[in-house]
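A.B. asks: Please read through the structure below; I'll follow up with questions.
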Amino acid sequence: MAGSDKIDVQHMDAVQMLPPAPVMLVSVGDKEGKERNIITVGLFNLFSLKPPILGIAVMTSRQSYKLLEENDDFVINVPGDDMLDAVITCGTKSGKKTDKFAEAKLTPVPGKKVKSPAIKEALMNIECRKLESFEKGDHTWYLAKIVHTDATTDYDRSNALLYWDGEFRTAGSVLKKVEQ
Ligand SMILES: Cc1cc2nc3c(=O)[nH]c(=O)nc-3n(C[C@H](O)[C@H](O)[C@H](O)COP(=O)(O)O)c2cc1C
């Protein structure tokens, strides 16, 4: 097993060296589609299992921050590896200037239990209602409960995109499956 020889690592370098984690497309907006947007989010976390509470973190400078403040809900869309270009577009262009649904060639579909639109092409759409938000450092966390979820009939998590430190990837092979 590796791990006997170690060197000091700067704090930020350690953060950049963390393993990859899910990257999500978060869609938010009103029902009429007058104001709607998509943001690529790497800072995503599961805060509670029972009940399931999910969290996303967004910087105040984002257009999505404004929409998340104005709306009660949002949709966490799980992108597949075939959506890499769209994930990059939604993570590099701002809704201040761009209609990202059109630019990233993504199709808005009405949320079933929320006003925010979902993304048709995603592997899974998790409709969330905001519970609370708080600032932590340079991001604002939005914690939310799940109110509805749709997943593709052939959903396979190994096709979901992971990201960190500039690298996009999918998960590797299953090493072992334990009963839970
Ligand atoms: C892979 C990736 C992950 C990102 N993760 C986050 C994140 O967790 N929070 C955030 O505020 N911005 C994140 N960004 C940056 C935003 O997606 C980007 O600034 C986007 O253009 C903001 O769009 P908006 O102004 O339309 O909201 C990420 C970008 C990429 C490419």
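Chain identifiers are assigned as A, B, and so on, following the order in which chains appear in the structure tokens; residues are numbered from 1 within each chain, and ligands are numbered from 1 in order of appearance.
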What does the list of residues within 8 Å of ligand 1 look like if you count only C-alpha atoms and all ligand atoms, written as an NGL selection string?
C.D. replies: :A and (23-24 or 37-44 or 56-65 or 87-96 or 98 or 100 or 139 or 163-164 or 166 or 168)
A.B. asks: Need to verify the contact set: Asn125 in chain A, 10 Å, only C-alpha atoms, exclusion of same-chain residues closer than 5 positions in sequence. Can you return it as a ChimeraX atom specification?
C.D. replies: /A:25-27,75-79,111,117-120,148-152
A.B. asks: Quote the spacing between CA of Ser116 in chain A and CA of Ser158 in chain A in Å to one decimal place.
C.D. replies: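 Separation between CA of Ser116 in chain A and CA of Ser158 in chain A: 26.9 Å.
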A.B. asks: Residues within 10 Å of Asp82 in chain A, please, as a PyMOL selection string. Count only C-alpha atoms; anything in the same chain fewer than 4 positions from it doesn't count.
C.D. replies: chain A and resi 86-87+121-122+159-161
A.B. asks: Any chance you could list, as JSON, numbers by chain, the residues in range 2-153 of chain A that come up strand (DSSP E) when DSSP is run on the backbone?
C.D. replies: {"A": [21, 22, 24, 25, 26, 27, 28, 29, 36, 37, 38, 39, 40, 41, 44, 45, 46, 47, 48, 53, 54, 55, 56, 57, 58, 73, 74, 75, 76, 77, 78, 108, 109, 110, 117, 118, 119, 124, 125, 126, 127, 128, 129, 130, 131, 132, 133, 134, 135, 136, 139, 140, 141, 142, 143, 144, 145, 146, 147, 148, 149, 150, 151]}
A.B. asks: With distances taken over only C-alpha atoms, which residue among A:Ile53, A:Leu68, A:Leu84, A:Leu123 lies nearest Leu162 in chain A?
C.D. replies: A:Leu84
A.B. asks: May I have all residues of chain A that DSSP, computed from the backbone, assigns to alpha helix (DSSP H), given as a VMD selection string?
C.D. replies: chain A and resid 11 to 16 63 to 70 84 to 92 100 to 103
A.B. asks: Can you tell me, as a VMD selection string, what residues are no more than 9 Å from Val114 in chain A when counting only C-alpha atoms, ignoring any on the same chain fewer than 6 positions away?
C.D. replies: chain A and resid 31 72 to 75 127 to 129 147 to 148
A.B. asks: What is the distance, in Å and to one decimal place, between CA of Glu179 in chain A and CA of Asp156 in chain A?
C.D. replies: 18.8 Å
